[in-house]
Structures are given as structure tokens and as C-alpha cells.
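Engineer: As input, take run.cif (mmCIF, C-alpha atoms):
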```cif
data_final
loop_
_atom_site.group_PDB
_atom_site.id
_atom_site.type_symbol
_atom_site.label_atom_id
_atom_site.label_comp_id
_atom_site.auth_asym_id
_atom_site.auth_seq_id
_atom_site.Cartn_x
_atom_site.Cartn_y
_atom_site.Cartn_z
ATOM 1 C CA MET A 15 71.981 84.621 172.696
ATOM 2 C CA ASN A 16 71.376 80.916 172.111
ATOM 3 C CA PRO A 17 73.642 78.681 169.967
ATOM 4 C CA ASP A 18 71.327 78.874 166.936
ATOM 5 C CA GLN A 19 71.397 82.670 167.023
ATOM 6 C CA ARG A 20 75.199 82.632 167.292
ATOM 7 C CA ASP A 21 75.417 80.300 164.280
ATOM 8 C CA GLU A 22 73.128 82.634 162.329
ATOM 9 C CA ARG A 23 75.338 85.587 163.252
ATOM 10 C CA LYS A 24 78.506 83.765 162.167
ATOM 11 C CA ALA A 25 76.869 82.841 158.872
ATOM 12 C CA LEU A 26 75.832 86.462 158.370
ATOM 13 C CA ILE A 27 79.362 87.828 158.971
ATOM 14 C CA LEU A 28 80.941 85.209 156.723
ATOM 15 C CA ARG A 29 78.438 86.017 153.968
ATOM 16 C CA LEU A 30 79.142 89.747 154.283
ATOM 17 C CA LEU A 31 82.899 89.107 154.120
ATOM 18 C CA GLU A 32 82.533 87.028 150.977
ATOM 19 C CA GLU A 33 80.097 89.430 149.293
ATOM 20 C CA SER A 34 82.379 92.392 149.927
ATOM 21 C CA GLY A 35 85.530 90.616 148.737
ATOM 22 C CA ALA A 36 87.089 91.161 152.158
ATOM 23 C CA LEU A 37 88.454 87.607 152.472
ATOM 24 C CA VAL A 38 91.375 87.298 150.032
ATOM 25 C CA ARG A 39 93.987 84.630 149.301
ATOM 26 C CA GLY A 40 97.670 85.115 148.487
ATOM 27 C CA HIS A 41 100.937 85.637 150.402
ATOM 28 C CA PHE A 42 100.691 88.316 153.074
ATOM 29 C CA LEU A 43 102.806 89.904 155.787
ATOM 30 C CA LEU A 44 100.487 90.602 158.715
ATOM 31 C CA SER A 45 100.995 93.556 161.048
ATOM 32 C CA SER A 46 102.070 91.001 163.669
ATOM 33 C CA GLY A 47 105.106 90.107 161.513
ATOM 34 C CA LEU A 48 103.653 86.687 160.704
ATOM 35 C CA HIS A 49 103.034 85.414 157.173
ATOM 36 C CA SER A 50 99.677 84.092 155.994
ATOM 37 C CA GLU A 51 98.121 82.653 152.853
ATOM 38 C CA ALA A 52 94.879 84.507 153.545
ATOM 39 C CA TYR A 53 94.020 87.996 154.668
ATOM 40 C CA VAL A 54 90.824 89.629 155.873
ATOM 41 C CA GLN A 55 90.630 93.197 154.580
ATOM 42 C CA CYS A 56 87.839 94.505 156.780
ATOM 43 C CA ALA A 57 88.017 97.922 155.102
ATOM 44 C CA LEU A 58 86.185 96.301 152.180
ATOM 45 C CA LEU A 59 83.561 94.881 154.530
ATOM 46 C CA LEU A 60 83.092 98.273 156.186
ATOM 47 C CA GLU A 61 83.229 100.551 153.124
ATOM 48 C CA ASP A 62 79.450 100.233 152.790
ATOM 49 C CA PRO A 63 77.920 102.254 155.664
ATOM 50 C CA VAL A 64 74.894 99.962 155.824
ATOM 51 C CA ARG A 65 77.111 96.895 156.315
ATOM 52 C CA ALA A 66 79.310 98.773 158.778
ATOM 53 C CA ARG A 67 76.326 99.809 160.861
ATOM 54 C CA ARG A 68 74.957 96.243 160.891
ATOM 55 C CA VAL A 69 78.287 94.746 161.979
ATOM 56 C CA GLY A 70 78.709 97.471 164.628
ATOM 57 C CA GLU A 71 75.283 96.712 166.037
ATOM 58 C CA GLU A 72 76.062 93.004 166.221
ATOM 59 C CA LEU A 73 79.356 93.573 168.052
ATOM 60 C CA GLY A 74 77.806 96.235 170.254
ATOM 61 C CA SER A 75 75.177 93.751 171.407
ATOM 62 C CA GLU A 76 77.995 91.462 172.613
ATOM 63 C CA LEU A 77 79.756 94.254 174.527
ATOM 64 C CA ARG A 78 76.736 96.035 176.025
ATOM 65 C CA GLN A 79 76.746 93.729 179.054
ATOM 66 C CA TYR A 80 79.975 95.390 180.294
ATOM 67 C CA HIS A 81 78.310 98.811 180.531
ATOM 68 C CA PRO A 82 81.175 100.712 178.888
ATOM 69 C CA ASP A 83 81.476 104.478 179.171
ATOM 70 C CA SER A 84 83.378 104.674 175.876
ATOM 71 C CA VAL A 85 84.949 102.731 173.010
ATOM 72 C CA LEU A 86 88.661 102.994 172.202
ATOM 73 C CA SER A 87 90.218 101.542 169.049
ATOM 74 C CA PRO A 88 93.715 101.423 167.587
ATOM 75 C CA ALA A 89 94.027 103.247 164.274
ATOM 76 C CA LEU A 90 93.716 102.558 161.519
ATOM 77 C CA GLY A 91 91.956 99.213 161.335
ATOM 78 C CA GLY A 92 89.722 99.676 164.356
ATOM 79 C CA VAL A 93 88.451 103.166 163.578
ATOM 80 C CA ILE A 94 85.341 102.417 161.506
ATOM 81 C CA ILE A 95 84.124 99.415 163.493
ATOM 82 C CA GLY A 96 84.960 101.124 166.790
ATOM 83 C CA HIS A 97 82.880 104.142 165.783
ATOM 84 C CA GLU A 98 79.958 101.941 164.759
ATOM 85 C CA VAL A 99 80.091 99.962 168.013
ATOM 86 C CA ALA A 100 80.131 103.240 169.960
ATOM 87 C CA ALA A 101 77.111 104.419 167.967
ATOM 88 C CA ALA A 102 75.275 101.185 168.762
ATOM 89 C CA LEU A 103 76.098 101.567 172.471
ATOM 90 C CA GLY A 104 75.408 105.315 172.578
ATOM 91 C CA VAL A 105 78.819 106.174 174.062
ATOM 92 C CA PRO A 106 81.793 108.320 172.925
ATOM 93 C CA PHE A 107 84.399 106.917 170.558
ATOM 94 C CA ARG A 108 88.129 107.618 170.570
ATOM 95 C CA PHE A 109 91.110 106.102 168.788
ATOM 96 C CA SER A 110 94.770 105.651 169.555
ATOM 97 C CA GLU A 111 97.458 106.349 166.956
ATOM 98 C CA ARG A 112 100.929 105.044 166.371
ATOM 99 C CA LYS A 113 103.804 107.462 165.892
ATOM 100 C CA GLY A 114 106.735 105.279 164.922
ATOM 101 C CA GLU A 115 106.329 102.334 167.283
ATOM 102 C CA GLU A 116 104.688 104.299 170.116
ATOM 103 C CA MET A 117 100.916 104.201 170.626
ATOM 104 C CA GLY A 118 99.346 107.377 171.980
ATOM 105 C CA LEU A 119 96.207 109.494 172.296
ATOM 106 C CA ARG A 120 96.200 112.621 170.149
ATOM 107 C CA ARG A 121 93.695 115.074 168.612
ATOM 108 C CA GLY A 122 92.562 116.260 172.044
ATOM 109 C CA PHE A 123 91.293 112.819 173.117
ATOM 110 C CA SER A 124 91.460 112.050 176.833
ATOM 111 C CA LEU A 125 90.271 109.414 179.300
ATOM 112 C CA ARG A 126 89.060 110.093 182.794
ATOM 113 C CA GLN A 127 90.003 108.216 185.952
ATOM 114 C CA GLY A 128 87.917 105.054 186.313
ATOM 115 C CA GLU A 129 86.291 105.329 182.862
ATOM 116 C CA ARG A 130 84.984 101.946 181.693
ATOM 117 C CA VAL A 131 86.473 101.306 178.255
ATOM 118 C CA VAL A 132 86.021 98.552 175.693
ATOM 119 C CA ILE A 133 88.769 98.118 173.113
ATOM 120 C CA VAL A 134 87.415 97.352 169.633
ATOM 121 C CA GLU A 135 89.414 96.102 166.628
ATOM 122 C CA ASP A 136 88.566 94.775 163.179
ATOM 123 C CA VAL A 137 90.805 91.677 163.215
ATOM 124 C CA ILE A 138 92.854 90.331 166.135
ATOM 125 C CA THR A 139 95.696 87.914 165.428
ATOM 126 C CA THR A 140 98.372 88.320 168.116
ATOM 127 C CA GLY A 141 96.569 91.131 169.953
ATOM 128 C CA ARG A 142 99.639 93.368 169.994
ATOM 129 C CA SER A 143 97.922 96.628 168.956
ATOM 130 C CA THR A 144 94.979 95.850 171.220
ATOM 131 C CA LEU A 145 97.226 95.199 174.210
ATOM 132 C CA GLU A 146 99.164 98.411 173.556
ATOM 133 C CA THR A 147 95.908 100.357 173.364
ATOM 134 C CA ALA A 148 94.653 98.733 176.568
ATOM 135 C CA ALA A 149 97.920 99.613 178.325
ATOM 136 C CA LEU A 150 97.553 103.176 177.107
ATOM 137 C CA ALA A 151 94.034 103.337 178.567
ATOM 138 C CA THR A 152 94.997 101.918 181.953
ATOM 139 C CA GLY A 153 98.002 104.224 182.017
ATOM 140 C CA ARG A 154 95.572 107.139 181.775
ATOM 141 C CA GLY A 155 93.550 105.794 184.703
ATOM 142 C CA ALA A 156 90.753 104.152 182.715
ATOM 143 C CA ARG A 157 89.504 100.608 183.299
ATOM 144 C CA VAL A 158 89.454 98.227 180.318
ATOM 145 C CA VAL A 159 86.420 95.988 180.833
ATOM 146 C CA ALA A 160 86.359 93.980 177.581
ATOM 147 C CA VAL A 161 87.834 93.547 174.109
ATOM 148 C CA GLY A 162 85.830 93.031 170.937
ATOM 149 C CA SER A 163 86.604 92.362 167.279
ATOM 150 C CA ILE A 164 84.849 91.404 164.091
ATOM 151 C CA ILE A 165 87.296 88.578 163.406
ATOM 152 C CA ASP A 166 89.242 86.431 165.882
ATOM 153 C CA ARG A 167 92.394 84.958 164.310
ATOM 154 C CA THR A 168 94.110 84.079 167.588
ATOM 155 C CA VAL A 169 93.460 80.352 166.973
ATOM 156 C CA GLY A 170 92.625 79.890 170.643
ATOM 157 C CA ARG A 171 95.598 81.897 171.945
ATOM 158 C CA ASP A 172 93.453 84.500 173.728
ATOM 159 C CA PRO A 173 96.068 87.035 174.913
ATOM 160 C CA PHE A 174 93.768 89.150 177.081
ATOM 161 C CA ASP A 175 93.006 89.196 180.794
ATOM 162 C CA VAL A 176 89.539 90.679 180.216
ATOM 163 C CA PRO A 177 86.577 89.120 178.352
ATOM 164 C CA PHE A 178 87.124 88.867 174.590
ATOM 165 C CA HIS A 179 84.225 88.709 172.133
ATOM 166 C CA SER A 180 84.305 88.325 168.360
ATOM 167 C CA LEU A 181 81.623 87.854 165.737
ATOM 168 C CA LEU A 182 83.519 85.215 163.788
ATOM 169 C CA THR A 183 86.496 82.959 164.484
ATOM 170 C CA LEU A 184 88.627 82.196 161.442
ATOM 171 C CA GLY A 185 91.302 79.536 161.774
ATOM 172 C CA LEU A 186 93.411 80.966 158.967
ATOM 173 C CA PRO A 187 96.954 79.723 159.632
ATOM 174 C CA SER A 188 99.800 82.194 160.066
ATOM 175 C CA PHE A 189 103.515 81.426 160.228
ATOM 176 C CA ALA A 190 106.797 82.878 161.381
ATOM 177 C CA PRO A 191 108.740 83.906 158.249
ATOM 178 C CA ALA A 192 111.196 80.999 158.663
ATOM 179 C CA ASP A 193 108.297 78.522 158.733
ATOM 180 C CA CYS A 194 106.179 80.043 155.958
ATOM 181 C CA PRO A 195 105.267 77.405 153.309
ATOM 182 C CA ALA A 196 104.988 80.047 150.564
ATOM 183 C CA CYS A 197 108.465 81.407 151.328
ATOM 184 C CA ARG A 198 109.893 77.886 151.386
ATOM 185 C CA ALA A 199 108.303 77.250 148.005
ATOM 186 C CA GLY A 200 110.057 80.287 146.551
ATOM 187 C CA ALA A 201 106.991 82.507 146.247
ATOM 188 C CA ALA A 202 107.265 86.247 145.666
ATOM 189 C CA PRO A 203 107.804 88.358 148.805
ATOM 190 C CA PRO A 204 104.649 88.772 150.859
ATOM 191 C CA GLU A 205 102.350 91.711 150.319
ATOM 192 C CA LYS A 206 101.836 93.916 153.388
ATOM 193 C CA PRO A 207 98.189 94.995 153.454
ATOM 194 C CA GLY A 208 98.141 96.406 157.006
ATOM 195 C CA SER A 209 99.115 99.846 158.298
ATOM 196 C CA ARG A 210 101.858 99.152 160.861
ATOM 197 C CA PRO A 211 105.471 99.640 159.675
ATOM 198 C CA ALA A 212 107.147 96.392 158.685
ATOM 199 C CA PRO A 213 109.091 94.776 161.546
ATOM 200 C CA VAL A 214 112.759 95.710 161.497
ATOM 201 C CA THR A 215 115.114 92.757 161.142
ATOM 202 C CA ARG A 216 118.513 93.274 162.768
ATOM 203 C CA GLY A 217 121.353 91.066 161.663
#
```
Taking this structure as input, can you express it in the form of C-alpha cells?
Structural biologist:
Amino acid sequence: MNPDQRDERKALILRLLEESGALVRGHFLLSSGLHSEAYVQCALLLEDPVRARRVGEELGSELRQYHPDSVLSPALGGVIIGHEVAAALGVPFRFSERKGEEMGLRRGFSLRQGERVVIVEDVITTGRSTLETAALATGRGARVVAVGSIIDRTVGRDPFDVPFHSLLTLGLPSFAPADCPACRAGAAPPEKPGSRPAPVTRG
């Protein structure tokens, strides 16, 4: 894909985010434990099956070069986009689930020795859930060949040791709670829109 095509794709994803109301402003507690003044709620982007299929096809085209045998996503955020990427690639889809703080495979899902897996998420900020899911896969004998997401919020801090592809990079700032401008300004406590339990603070 040439630079013009990549720019067109980025413009498409940004337009779909805005049209769906998926890019929201406020005071948020991310699943990473960081605070942010903006949040991407990809569930709103993906609630329309036509949009979800289009985004899955776009991300699938980026990941096809790694010849994956399957797609694995962390629940809950990665489930819809992971399924759509798997559909675009014509391979099985599975998802990992968190019980407490432990990530595992349930519902009869399994991975075979040497299986080529791509990990797919909706939004990646610190990469924690993605890394846990990748470790789960390699622990079952599979080989993680790439990571993909709709949105990259790592701000250049790519935490992976395999190729990482996203459809759109958003430089939305995030802060440790002690450094959060909204908290310092006396704003209301942050809203937690994600699915992971809030980090436990021990005094």
C-alpha cells in the first residue's frame, strides 16, 4: 500500500469514528490505569455490522502478509474486531478472557503447537492485555506472528517484539493519576469506560 492509500485509509477510519460518536471527550480512567481527556469507544464504531466488516477487512489486509492460522483477541474489546479480521482472513477466531486478573482460554478454545497467531485488539495504549494474551498463546505452544489494532495510542512506545499494525494512530495524551491535569484542576472522578477491574491502590 502506497502512502496515498494509507492516508485515505486513515481518513476513512477517522471519519467512521466521528460519524459513530466513538471518539468522546471528558475525564476517563483507561484500563491501563492512566487518565485521559479523550476516549475511543470502539464498540460504537463496531455496533454497525457494515462498518465492523469494513474495518475488519482493512485490518485483515494489513495482517494477511503474516499468513496467520488464527486470530486471538482479549475480551471484551477485541472480540468484534478480532472476529471480523478472522472473517476477512478466512481463519478461526478465538478470544481470551480475564477471571479476576488472570487471562485464560475458556469455552473449549485451544491452540495447537506451532499455530501462527495474530493478536487483534480495538485500541492499544500500554499493550498490557495484548501482551498477556500473547503470553497465553506462546504458553500453549502457539507462535505469535503479529499484533493488530484499529487504534494505536502507544504514542510511539511500541511494546511488542513482533510487527505491530494499526489503522490509525491517535496521539491522545494519557497521564498517571498524580500527573492528570483534570484531577489537578479538581474535576469529578474519572469515568471508567473499559471492562478491566479498576487498579487496586494499596496504601
Engineer: Give as an mmCIF file with C-alpha atoms, in the frame of the given file the residues that the PyMOL selection byres ((chain A and resi 181) around 10) matches when applied to the coordinates above.
Structural biologist:
```
data_model
loop_
_atom_site.group_PDB
_atom_site.id
_atom_site.type_symbol
_atom_site.label_atom_id
_atom_site.label_comp_id
_atom_site.auth_asym_id
_atom_site.auth_seq_id
_atom_site.Cartn_x
_atom_site.Cartn_y
_atom_site.Cartn_z
ATOM 1 C CA ARG A 20 75.199 82.632 167.292
ATOM 2 C CA ASP A 21 75.417 80.300 164.280
ATOM 3 C CA ARG A 23 75.338 85.587 163.252
ATOM 4 C CA LYS A 24 78.506 83.765 162.167
ATOM 5 C CA ALA A 25 76.869 82.841 158.872
ATOM 6 C CA LEU A 26 75.832 86.462 158.370
ATOM 7 C CA ILE A 27 79.362 87.828 158.971
ATOM 8 C CA LEU A 28 80.941 85.209 156.723
ATOM 9 C CA VAL A 69 78.287 94.746 161.979
ATOM 10 C CA GLU A 72 76.062 93.004 166.221
ATOM 11 C CA LEU A 73 79.356 93.573 168.052
ATOM 12 C CA GLU A 76 77.995 91.462 172.613
ATOM 13 C CA GLY A 162 85.830 93.031 170.937
ATOM 14 C CA SER A 163 86.604 92.362 167.279
ATOM 15 C CA ILE A 164 84.849 91.404 164.091
ATOM 16 C CA ILE A 165 87.296 88.578 163.406
ATOM 17 C CA ASP A 166 89.242 86.431 165.882
ATOM 18 C CA HIS A 179 84.225 88.709 172.133
ATOM 19 C CA SER A 180 84.305 88.325 168.360
ATOM 20 C CA LEU A 182 83.519 85.215 163.788
ATOM 21 C CA THR A 183 86.496 82.959 164.484
ATOM 22 C CA LEU A 184 88.627 82.196 161.442
#
```
Engineer: Can you work out which one of A:Leu37, A:Ser143, A:Val85, A:Gly185 has the shortest atom-to-atom distance to Glu115 of chain A, counting all atoms listed in the file?
Structural biologist: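 Counting all atoms listed in the file, the residue closest to Glu115 of chain A is A:Ser143.
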Engineer: Tell me which of A:Asp62, A:Glu51, A:Glu135, A:Glu129 sits closest to Gly91 of chain A, counting all atoms listed in the file.
Structural biologist: A:Glu135
Engineer: Neighbours of segment 117-121 of chain A within 7 Å (all atoms listed in the file; same-chain residues fewer than 6 positions away dropped), as a list in words?
Structural biologist: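 These residues fall inside the cut-off: Ser110, Glu111, Glu146, Thr147 and Leu150 of chain A.
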Engineer: Which value, in Å to one decimal, gives the distance between atom CA of Arg157 of chain A and atom CA of Gly170 of chain A?
Structural biologist: 24.5 Å
